[in-house]
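Scroll down for the structure; my scribbles are underneath it.
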Amino acid sequence: DGKVTFDDVHFSYDANRPILKGISFEVPAGKTVAIVGPSGAGKSTISRLLFRFYDVQQGSIRIDGQDIRDVTQESLRAAIGMVPQDTVLFNDTIAYNVRYGRPSASEDEVAQAADLAQIGTFIAALPDGYRTMVGERGLKLSGGEKQRVAIARTILKAPPVLMLDEATSALDTQTEQEIQAALDLVSRGRTTLVIAHRLSTVISADEIIVLQDGRIAERGRHAELLVAK
Ligand code: ADP
Ligand code: ADP
């Protein structure tokens with residue numbers, strides 16, 4: 001479930017300058033495909049098209065065979081999960097922030113998702129900036145911790161398709177490795193499209209697509225790629 005198909009996708013933000021010039025690839029159900037390429041190649045545009053922030057001008061994008069233009073914005077949002085690079089937390093407990101991923105989840109499920117994302121120890125805490133009536137201060141979370149809250153939320157939501165836009169922000173190496181491990185966890189067995197900024201983080205992808213100047217320059221497993229090393 002959750003197969004994603006890009007079929008001869010063409011797109012430009014303005015008519016004179018094509019950004020995607022006929023992109024075709026498939027993310028088979030349960031597999032991970034990574035898009036890599038230099039800055040400006042069109043990687044983020046691919047994720048914006050998947051969320052229908054913009055519509056393709058030629059070709060199509062399908063999820064399980066259905067053109068995304070034929071589904072409601074609500075069902076598209078329900079079908080695609082994402083872990084944003086910058087997570088804004090609600091002024092409520094971390095548990096509440098995790099539960100937002102699936103409000104009907106049980107306490108146990110919330111706790112499990114939090115444990116997997118390694119935020120189990122502060123699930124009852126309130127985020128930074130929060131002040132209760134009695135003047136309690138919130139907990140100051142690092143960028144990496146906030147991202148793990150978002151990861152727990154996505155683990156709980158368990159969407160059929162997962163869209164990951166890898167952090168470009170400067171995280172320290174340990175945080176980066178922890179987040180990478182948590183992202184690997186959330187994407188396991190799930191149809192996942194990763195916008196990657198470093199080839200080193202997508203070694204285990206089932207397919208890597210190298211985007212250059214709006215075209216697919218090369219594709220294959222990590223060990224097979226030539227230009228991207
Ligand atoms: P990448 O994610 O690979 O760095 P993007 O998809 O963000 O690349 O951008 C591809 C190209 O599209 C870039 O040249 C960028 O300047 C241009 N671009 C991105 N967003 C817009 C926009 N809203 N309007 C016009 N051009 C844009
Ligand atoms: P950039 O930081 O490259 O300009 P955006 O600000 O458009 O990109 O967003 C970063 C990524 O997060 C995008 O690739 C987009 O798909 C995704 N994104 C942004 N806002 C939302 C949203 N409200 N719902 C789902 N995905 C979003």
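Note on naming: chains are A, B, ... as they come in the structure tokens, residues start from 1 per chain, ligands start from 1 in the order shown.
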Would you return as a PyMOL selection string the members of range 3-220 of chain A that DSSP assigns to strand (DSSP E) on this structure's backbone?
chain A and resi 4-11+20-27+32-36+58-63+66-67+80-83+161-165+191-195+207-212+215-220
As a quick test: using only C-alpha atoms and all ligand atoms, which residues lie no more than 10 Å away from ligand 1? Give them as a PyMOL selection string.
chain A and resi 11-14+17-20+35-49+54+165+195-197+211-214
Determine the nearest neighbour of Val161 in chain A from the options A:Arg198, A:Lys146, A:Arg190, A:Arg99, counting only C-alpha atoms.
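When distances to Val161 in chain A are compared using only C-alpha atoms, the smallest one comes from A:Arg190.
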Point-to-point distance from CA of Gln118 in chain A to CA of Met82 in chain A, Å rounded to tenths
18.2 Å
Could you tell me how far CA of Ser60 in chain A sits from atom 15 (C, counted along the ligand's line) of ligand 2, in Å to one decimal place?
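According to the coordinates, atom 15 (C, counted along the ligand's line) of ligand 2 and CA of Ser60 in chain A are separated by 18.3 Å.
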Secondary structure check, alpha helix (DSSP H) residues of range 26-227 of chain A, as a PDB file with N, CA, C and O atoms, in the first residue's frame:
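Written output follows (result_11.pdb):
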```pdb
ATOM      1  N   LYS A  43      14.828  19.263  -6.052  1.00  0.00           N
ATOM      2  CA  LYS A  43      14.460  18.226  -5.080  1.00  0.00           C
ATOM      3  C   LYS A  43      13.238  18.635  -4.248  1.00  0.00           C
ATOM      4  O   LYS A  43      12.272  17.885  -4.148  1.00  0.00           O
ATOM      5  N   SER A  44      13.304  19.837  -3.656  1.00  0.00           N
ATOM      6  CA  SER A  44      12.173  20.273  -2.823  1.00  0.00           C
ATOM      7  C   SER A  44      10.916  20.466  -3.655  1.00  0.00           C
ATOM      8  O   SER A  44       9.805  20.268  -3.164  1.00  0.00           O
ATOM      9  N   THR A  45      11.106  20.839  -4.910  1.00  0.00           N
ATOM     10  CA  THR A  45       9.949  20.998  -5.798  1.00  0.00           C
ATOM     11  C   THR A  45       9.193  19.675  -5.906  1.00  0.00           C
ATOM     12  O   THR A  45       7.955  19.656  -5.905  1.00  0.00           O
ATOM     13  N   ILE A  46       9.924  18.579  -5.955  1.00  0.00           N
ATOM     14  CA  ILE A  46       9.285  17.267  -6.023  1.00  0.00           C
ATOM     15  C   ILE A  46       8.378  17.045  -4.810  1.00  0.00           C
ATOM     16  O   ILE A  46       7.231  16.591  -4.949  1.00  0.00           O
ATOM     17  N   SER A  47       8.851  17.426  -3.614  1.00  0.00           N
ATOM     18  CA  SER A  47       8.008  17.220  -2.433  1.00  0.00           C
ATOM     19  C   SER A  47       6.823  18.184  -2.424  1.00  0.00           C
ATOM     20  O   SER A  47       5.728  17.824  -2.034  1.00  0.00           O
ATOM     21  N   ARG A  48       7.044  19.400  -2.911  1.00  0.00           N
ATOM     22  CA  ARG A  48       5.910  20.345  -2.973  1.00  0.00           C
ATOM     23  C   ARG A  48       4.840  19.857  -3.942  1.00  0.00           C
ATOM     24  O   ARG A  48       3.652  20.052  -3.725  1.00  0.00           O
ATOM     25  N   LEU A  49       5.267  19.207  -5.017  1.00  0.00           N
ATOM     26  CA  LEU A  49       4.292  18.681  -5.982  1.00  0.00           C
ATOM     27  C   LEU A  49       3.521  17.509  -5.382  1.00  0.00           C
ATOM     28  O   LEU A  49       2.320  17.372  -5.604  1.00  0.00           O
ATOM     29  N   LEU A  50       4.234  16.674  -4.599  1.00  0.00           N
ATOM     30  CA  LEU A  50       3.566  15.525  -3.987  1.00  0.00           C
ATOM     31  C   LEU A  50       2.468  15.990  -3.026  1.00  0.00           C
ATOM     32  O   LEU A  50       1.410  15.373  -2.938  1.00  0.00           O
ATOM     33  N   GLN A  73      -7.797  17.299  -0.689  1.00  0.00           N
ATOM     34  CA  GLN A  73      -6.623  17.760   0.047  1.00  0.00           C
ATOM     35  C   GLN A  73      -6.544  17.032   1.403  1.00  0.00           C
ATOM     36  O   GLN A  73      -5.465  16.666   1.852  1.00  0.00           O
ATOM     37  N   GLU A  74      -7.710  16.757   2.001  1.00  0.00           N
ATOM     38  CA  GLU A  74      -7.742  16.078   3.309  1.00  0.00           C
ATOM     39  C   GLU A  74      -7.204  14.656   3.189  1.00  0.00           C
ATOM     40  O   GLU A  74      -6.389  14.226   4.006  1.00  0.00           O
ATOM     41  N   SER A  75      -7.647  13.933   2.165  1.00  0.00           N
ATOM     42  CA  SER A  75      -7.167  12.547   2.086  1.00  0.00           C
ATOM     43  C   SER A  75      -5.706  12.486   1.657  1.00  0.00           C
ATOM     44  O   SER A  75      -4.971  11.577   2.048  1.00  0.00           O
ATOM     45  N   LEU A  76      -5.271  13.492   0.889  1.00  0.00           N
ATOM     46  CA  LEU A  76      -3.856  13.549   0.521  1.00  0.00           C
ATOM     47  C   LEU A  76      -3.009  13.768   1.783  1.00  0.00           C
ATOM     48  O   LEU A  76      -1.995  13.114   2.001  1.00  0.00           O
ATOM     49  N   ARG A  77      -3.452  14.680   2.634  1.00  0.00           N
ATOM     50  CA  ARG A  77      -2.746  14.947   3.880  1.00  0.00           C
ATOM     51  C   ARG A  77      -2.755  13.744   4.814  1.00  0.00           C
ATOM     52  O   ARG A  77      -1.810  13.526   5.563  1.00  0.00           O
ATOM     53  N   ALA A  78      -3.851  13.000   4.769  1.00  0.00           N
ATOM     54  CA  ALA A  78      -3.928  11.802   5.617  1.00  0.00           C
ATOM     55  C   ALA A  78      -3.001  10.713   5.090  1.00  0.00           C
ATOM     56  O   ALA A  78      -2.447   9.921   5.846  1.00  0.00           O
ATOM     57  N   ALA A  79      -2.813  10.685   3.759  1.00  0.00           N
ATOM     58  CA  ALA A  79      -2.029   9.607   3.145  1.00  0.00           C
ATOM     59  C   ALA A  79      -0.527   9.833   3.254  1.00  0.00           C
ATOM     60  O   ALA A  79       0.245   8.881   3.246  1.00  0.00           O
ATOM     61  N   ILE A  94       4.461  17.189  25.887  1.00  0.00           N
ATOM     62  CA  ILE A  94       5.071  16.455  24.780  1.00  0.00           C
ATOM     63  C   ILE A  94       4.138  15.312  24.361  1.00  0.00           C
ATOM     64  O   ILE A  94       3.955  15.048  23.169  1.00  0.00           O
ATOM     65  N   ALA A  95       3.511  14.671  25.352  1.00  0.00           N
ATOM     66  CA  ALA A  95       2.572  13.584  25.039  1.00  0.00           C
ATOM     67  C   ALA A  95       1.447  14.087  24.130  1.00  0.00           C
ATOM     68  O   ALA A  95       1.086  13.435  23.149  1.00  0.00           O
ATOM     69  N   TYR A  96       0.912  15.271  24.440  1.00  0.00           N
ATOM     70  CA  TYR A  96      -0.148  15.853  23.606  1.00  0.00           C
ATOM     71  C   TYR A  96       0.379  16.088  22.191  1.00  0.00           C
ATOM     72  O   TYR A  96      -0.292  15.812  21.199  1.00  0.00           O
ATOM     73  N   ASN A  97       1.611  16.588  22.122  1.00  0.00           N
ATOM     74  CA  ASN A  97       2.219  16.872  20.822  1.00  0.00           C
ATOM     75  C   ASN A  97       2.424  15.603  19.998  1.00  0.00           C
ATOM     76  O   ASN A  97       2.340  15.631  18.776  1.00  0.00           O
ATOM     77  N   VAL A  98       2.715  14.499  20.686  1.00  0.00           N
ATOM     78  CA  VAL A  98       2.871  13.230  19.984  1.00  0.00           C
ATOM     79  C   VAL A  98       1.503  12.714  19.544  1.00  0.00           C
ATOM     80  O   VAL A  98       1.309  12.305  18.398  1.00  0.00           O
ATOM     81  N   ARG A  99       0.530  12.802  20.459  1.00  0.00           N
ATOM     82  CA  ARG A  99      -0.813  12.282  20.189  1.00  0.00           C
ATOM     83  C   ARG A  99      -1.475  12.963  18.996  1.00  0.00           C
ATOM     84  O   ARG A  99      -2.320  12.375  18.323  1.00  0.00           O
ATOM     85  N   GLU A 107      -3.012   5.570  25.359  1.00  0.00           N
ATOM     86  CA  GLU A 107      -1.858   6.022  26.138  1.00  0.00           C
ATOM     87  C   GLU A 107      -0.631   5.174  25.822  1.00  0.00           C
ATOM     88  O   GLU A 107       0.471   5.684  25.656  1.00  0.00           O
ATOM     89  N   ASP A 108      -0.851   3.865  25.770  1.00  0.00           N
ATOM     90  CA  ASP A 108       0.246   2.937  25.511  1.00  0.00           C
ATOM     91  C   ASP A 108       0.882   3.187  24.152  1.00  0.00           C
ATOM     92  O   ASP A 108       2.102   3.139  24.007  1.00  0.00           O
ATOM     93  N   GLU A 109       0.043   3.421  23.160  1.00  0.00           N
ATOM     94  CA  GLU A 109       0.572   3.670  21.814  1.00  0.00           C
ATOM     95  C   GLU A 109       1.385   4.965  21.769  1.00  0.00           C
ATOM     96  O   GLU A 109       2.429   5.033  21.119  1.00  0.00           O
ATOM     97  N   VAL A 110       0.893   5.976  22.474  1.00  0.00           N
ATOM     98  CA  VAL A 110       1.629   7.242  22.547  1.00  0.00           C
ATOM     99  C   VAL A 110       2.985   7.003  23.214  1.00  0.00           C
ATOM    100  O   VAL A 110       4.031   7.447  22.723  1.00  0.00           O
ATOM    101  N   ALA A 111       2.962   6.249  24.306  1.00  0.00           N
ATOM    102  CA  ALA A 111       4.200   5.979  25.043  1.00  0.00           C
ATOM    103  C   ALA A 111       5.180   5.167  24.196  1.00  0.00           C
ATOM    104  O   ALA A 111       6.390   5.429  24.201  1.00  0.00           O
ATOM    105  N   GLN A 112       4.656   4.209  23.437  1.00  0.00           N
ATOM    106  CA  GLN A 112       5.513   3.391  22.576  1.00  0.00           C
ATOM    107  C   GLN A 112       6.195   4.236  21.496  1.00  0.00           C
ATOM    108  O   GLN A 112       7.393   4.094  21.247  1.00  0.00           O
ATOM    109  N   ALA A 113       5.397   5.103  20.862  1.00  0.00           N
ATOM    110  CA  ALA A 113       5.949   5.960  19.807  1.00  0.00           C
ATOM    111  C   ALA A 113       7.026   6.870  20.401  1.00  0.00           C
ATOM    112  O   ALA A 113       8.084   7.079  19.800  1.00  0.00           O
ATOM    113  N   ALA A 114       6.764   7.393  21.599  1.00  0.00           N
ATOM    114  CA  ALA A 114       7.726   8.281  22.260  1.00  0.00           C
ATOM    115  C   ALA A 114       9.008   7.516  22.596  1.00  0.00           C
ATOM    116  O   ALA A 114      10.108   8.044  22.430  1.00  0.00           O
ATOM    117  N   ASP A 115       8.858   6.277  23.048  1.00  0.00           N
ATOM    118  CA  ASP A 115      10.039   5.473  23.370  1.00  0.00           C
ATOM    119  C   ASP A 115      10.881   5.215  22.124  1.00  0.00           C
ATOM    120  O   ASP A 115      12.106   5.322  22.154  1.00  0.00           O
ATOM    121  N   LEU A 116      10.201   4.865  21.018  1.00  0.00           N
ATOM    122  CA  LEU A 116      10.920   4.597  19.770  1.00  0.00           C
ATOM    123  C   LEU A 116      11.706   5.829  19.325  1.00  0.00           C
ATOM    124  O   LEU A 116      12.809   5.712  18.807  1.00  0.00           O
ATOM    125  N   GLY A 143      16.979  21.450  19.078  1.00  0.00           N
ATOM    126  CA  GLY A 143      16.407  21.218  17.752  1.00  0.00           C
ATOM    127  C   GLY A 143      16.233  19.733  17.474  1.00  0.00           C
ATOM    128  O   GLY A 143      15.221  19.302  16.909  1.00  0.00           O
ATOM    129  N   GLY A 144      17.210  18.939  17.896  1.00  0.00           N
ATOM    130  CA  GLY A 144      17.151  17.499  17.677  1.00  0.00           C
ATOM    131  C   GLY A 144      16.017  16.854  18.459  1.00  0.00           C
ATOM    132  O   GLY A 144      15.331  15.959  17.960  1.00  0.00           O
ATOM    133  N   GLU A 145      15.807  17.338  19.697  1.00  0.00           N
ATOM    134  CA  GLU A 145      14.713  16.793  20.519  1.00  0.00           C
ATOM    135  C   GLU A 145      13.355  17.144  19.925  1.00  0.00           C
ATOM    136  O   GLU A 145      12.450  16.324  19.886  1.00  0.00           O
ATOM    137  N   LYS A 146      13.240  18.383  19.454  1.00  0.00           N
ATOM    138  CA  LYS A 146      11.976  18.791  18.811  1.00  0.00           C
ATOM    139  C   LYS A 146      11.705  17.908  17.601  1.00  0.00           C
ATOM    140  O   LYS A 146      10.577  17.501  17.341  1.00  0.00           O
ATOM    141  N   GLN A 147      12.777  17.619  16.845  1.00  0.00           N
ATOM    142  CA  GLN A 147      12.573  16.796  15.664  1.00  0.00           C
ATOM    143  C   GLN A 147      12.161  15.382  16.054  1.00  0.00           C
ATOM    144  O   GLN A 147      11.361  14.753  15.378  1.00  0.00           O
ATOM    145  N   ARG A 148      12.687  14.897  17.192  1.00  0.00           N
ATOM    146  CA  ARG A 148      12.277  13.569  17.645  1.00  0.00           C
ATOM    147  C   ARG A 148      10.816  13.548  18.091  1.00  0.00           C
ATOM    148  O   ARG A 148      10.154  12.538  17.964  1.00  0.00           O
ATOM    149  N   VAL A 149      10.315  14.691  18.589  1.00  0.00           N
ATOM    150  CA  VAL A 149       8.880  14.779  18.903  1.00  0.00           C
ATOM    151  C   VAL A 149       8.079  14.618  17.603  1.00  0.00           C
ATOM    152  O   VAL A 149       7.091  13.884  17.546  1.00  0.00           O
ATOM    153  N   ALA A 150       8.547  15.296  16.551  1.00  0.00           N
ATOM    154  CA  ALA A 150       7.876  15.179  15.251  1.00  0.00           C
ATOM    155  C   ALA A 150       7.957  13.751  14.714  1.00  0.00           C
ATOM    156  O   ALA A 150       7.009  13.247  14.102  1.00  0.00           O
ATOM    157  N   ILE A 151       9.082  13.094  14.967  1.00  0.00           N
ATOM    158  CA  ILE A 151       9.245  11.709  14.521  1.00  0.00           C
ATOM    159  C   ILE A 151       8.269  10.790  15.273  1.00  0.00           C
ATOM    160  O   ILE A 151       7.606   9.951  14.667  1.00  0.00           O
ATOM    161  N   ALA A 152       8.138  11.015  16.586  1.00  0.00           N
ATOM    162  CA  ALA A 152       7.195  10.214  17.383  1.00  0.00           C
ATOM    163  C   ALA A 152       5.764  10.412  16.877  1.00  0.00           C
ATOM    164  O   ALA A 152       4.994   9.460  16.761  1.00  0.00           O
ATOM    165  N   ARG A 153       5.431  11.645  16.554  1.00  0.00           N
ATOM    166  CA  ARG A 153       4.109  11.979  16.018  1.00  0.00           C
ATOM    167  C   ARG A 153       3.851  11.201  14.720  1.00  0.00           C
ATOM    168  O   ARG A 153       2.776  10.654  14.507  1.00  0.00           O
ATOM    169  N   THR A 154       4.882  11.155  13.877  1.00  0.00           N
ATOM    170  CA  THR A 154       4.734  10.461  12.593  1.00  0.00           C
ATOM    171  C   THR A 154       4.676   8.944  12.784  1.00  0.00           C
ATOM    172  O   THR A 154       3.933   8.264  12.085  1.00  0.00           O
ATOM    173  N   ILE A 155       5.458   8.430  13.752  1.00  0.00           N
ATOM    174  CA  ILE A 155       5.402   6.998  14.059  1.00  0.00           C
ATOM    175  C   ILE A 155       3.970   6.632  14.459  1.00  0.00           C
ATOM    176  O   ILE A 155       3.416   5.628  14.023  1.00  0.00           O
ATOM    177  N   LEU A 156       3.355   7.493  15.262  1.00  0.00           N
ATOM    178  CA  LEU A 156       1.997   7.236  15.739  1.00  0.00           C
ATOM    179  C   LEU A 156       0.983   7.349  14.605  1.00  0.00           C
ATOM    180  O   LEU A 156       0.047   6.559  14.510  1.00  0.00           O
ATOM    181  N   LYS A 157       1.166   8.323  13.748  1.00  0.00           N
ATOM    182  CA  LYS A 157       0.238   8.531  12.627  1.00  0.00           C
ATOM    183  C   LYS A 157       0.302   7.369  11.638  1.00  0.00           C
ATOM    184  O   LYS A 157      -0.695   6.978  11.067  1.00  0.00           O
ATOM    185  N   THR A 173      27.079  16.125  15.202  1.00  0.00           N
ATOM    186  CA  THR A 173      27.158  14.792  14.592  1.00  0.00           C
ATOM    187  C   THR A 173      26.356  13.756  15.359  1.00  0.00           C
ATOM    188  O   THR A 173      25.687  12.921  14.762  1.00  0.00           O
ATOM    189  N   GLN A 174      26.422  13.840  16.699  1.00  0.00           N
ATOM    190  CA  GLN A 174      25.711  12.836  17.489  1.00  0.00           C
ATOM    191  C   GLN A 174      24.202  12.965  17.309  1.00  0.00           C
ATOM    192  O   GLN A 174      23.507  11.979  17.079  1.00  0.00           O
ATOM    193  N   THR A 175      23.694  14.212  17.375  1.00  0.00           N
ATOM    194  CA  THR A 175      22.267  14.451  17.170  1.00  0.00           C
ATOM    195  C   THR A 175      21.855  13.978  15.789  1.00  0.00           C
ATOM    196  O   THR A 175      20.829  13.329  15.609  1.00  0.00           O
ATOM    197  N   GLU A 176      22.699  14.282  14.806  1.00  0.00           N
ATOM    198  CA  GLU A 176      22.397  13.892  13.440  1.00  0.00           C
ATOM    199  C   GLU A 176      22.280  12.373  13.326  1.00  0.00           C
ATOM    200  O   GLU A 176      21.368  11.858  12.690  1.00  0.00           O
ATOM    201  N   GLN A 177      23.207  11.681  13.972  1.00  0.00           N
ATOM    202  CA  GLN A 177      23.169  10.209  13.929  1.00  0.00           C
ATOM    203  C   GLN A 177      21.940   9.664  14.635  1.00  0.00           C
ATOM    204  O   GLN A 177      21.313   8.717  14.165  1.00  0.00           O
ATOM    205  N   GLU A 178      21.582  10.282  15.751  1.00  0.00           N
ATOM    206  CA  GLU A 178      20.395   9.845  16.490  1.00  0.00           C
ATOM    207  C   GLU A 178      19.142  10.044  15.651  1.00  0.00           C
ATOM    208  O   GLU A 178      18.264   9.191  15.594  1.00  0.00           O
ATOM    209  N   ILE A 179      19.070  11.213  15.020  1.00  0.00           N
ATOM    210  CA  ILE A 179      17.897  11.512  14.202  1.00  0.00           C
ATOM    211  C   ILE A 179      17.843  10.581  13.006  1.00  0.00           C
ATOM    212  O   ILE A 179      16.787  10.064  12.637  1.00  0.00           O
ATOM    213  N   GLN A 180      19.009  10.334  12.412  1.00  0.00           N
ATOM    214  CA  GLN A 180      19.062   9.413  11.281  1.00  0.00           C
ATOM    215  C   GLN A 180      18.545   8.034  11.696  1.00  0.00           C
ATOM    216  O   GLN A 180      17.763   7.407  10.981  1.00  0.00           O
ATOM    217  N   ALA A 181      18.945   7.582  12.881  1.00  0.00           N
ATOM    218  CA  ALA A 181      18.502   6.282  13.375  1.00  0.00           C
ATOM    219  C   ALA A 181      16.985   6.271  13.576  1.00  0.00           C
ATOM    220  O   ALA A 181      16.307   5.305  13.213  1.00  0.00           O
ATOM    221  N   ALA A 182      16.444   7.372  14.134  1.00  0.00           N
ATOM    222  CA  ALA A 182      15.004   7.456  14.363  1.00  0.00           C
ATOM    223  C   ALA A 182      14.244   7.528  13.038  1.00  0.00           C
ATOM    224  O   ALA A 182      13.175   6.931  12.883  1.00  0.00           O
ATOM    225  N   LEU A 183      14.816   8.245  12.065  1.00  0.00           N
ATOM    226  CA  LEU A 183      14.170   8.332  10.749  1.00  0.00           C
ATOM    227  C   LEU A 183      14.178   6.969  10.062  1.00  0.00           C
ATOM    228  O   LEU A 183      13.202   6.582   9.421  1.00  0.00           O
ATOM    229  N   ASP A 184      15.282   6.232  10.213  1.00  0.00           N
ATOM    230  CA  ASP A 184      15.353   4.883   9.648  1.00  0.00           C
ATOM    231  C   ASP A 184      14.245   4.027  10.235  1.00  0.00           C
ATOM    232  O   ASP A 184      13.602   3.241   9.546  1.00  0.00           O
ATOM    233  N   LEU A 185      14.026   4.226  11.535  1.00  0.00           N
ATOM    234  CA  LEU A 185      12.989   3.471  12.230  1.00  0.00           C
ATOM    235  C   LEU A 185      11.593   3.793  11.695  1.00  0.00           C
ATOM    236  O   LEU A 185      10.780   2.906  11.449  1.00  0.00           O
ATOM    237  N   VAL A 186      11.332   5.088  11.517  1.00  0.00           N
ATOM    238  CA  VAL A 186       9.996   5.501  11.103  1.00  0.00           C
ATOM    239  C   VAL A 186       9.719   5.085   9.652  1.00  0.00           C
ATOM    240  O   VAL A 186       8.585   4.844   9.263  1.00  0.00           O
ATOM    241  N   SER A 187      10.773   4.952   8.851  1.00  0.00           N
ATOM    242  CA  SER A 187      10.562   4.632   7.436  1.00  0.00           C
ATOM    243  C   SER A 187      10.586   3.133   7.148  1.00  0.00           C
ATOM    244  O   SER A 187      10.244   2.702   6.055  1.00  0.00           O
TER     245      SER A 187
END
```
Applying 9 Å and only C-alpha atoms, which residues near range 208-210 of chain A remain after dropping the ones on its own chain fewer than 2 positions away? List them as a ChimeraX atom specification.
/A:25,32-38,199,202-203,205-206,212,215-222,225,227-228
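Straight-line separation from atom 18 (N, counted along the ligand's line) of ligand 2 to CA of Ser106 in chain A: 27.5 Å.
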Kindly indicate which residue among A:Ala29, A:Thr87, A:Gln66, A:Gln57 lies nearest to Ala15 in chain A, using only C-alpha atoms for the distances.
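Of A:Ala29, A:Thr87, A:Gln66, A:Gln57, the one nearest Ala15 in chain A, counting only C-alpha atoms, is A:Gln57.
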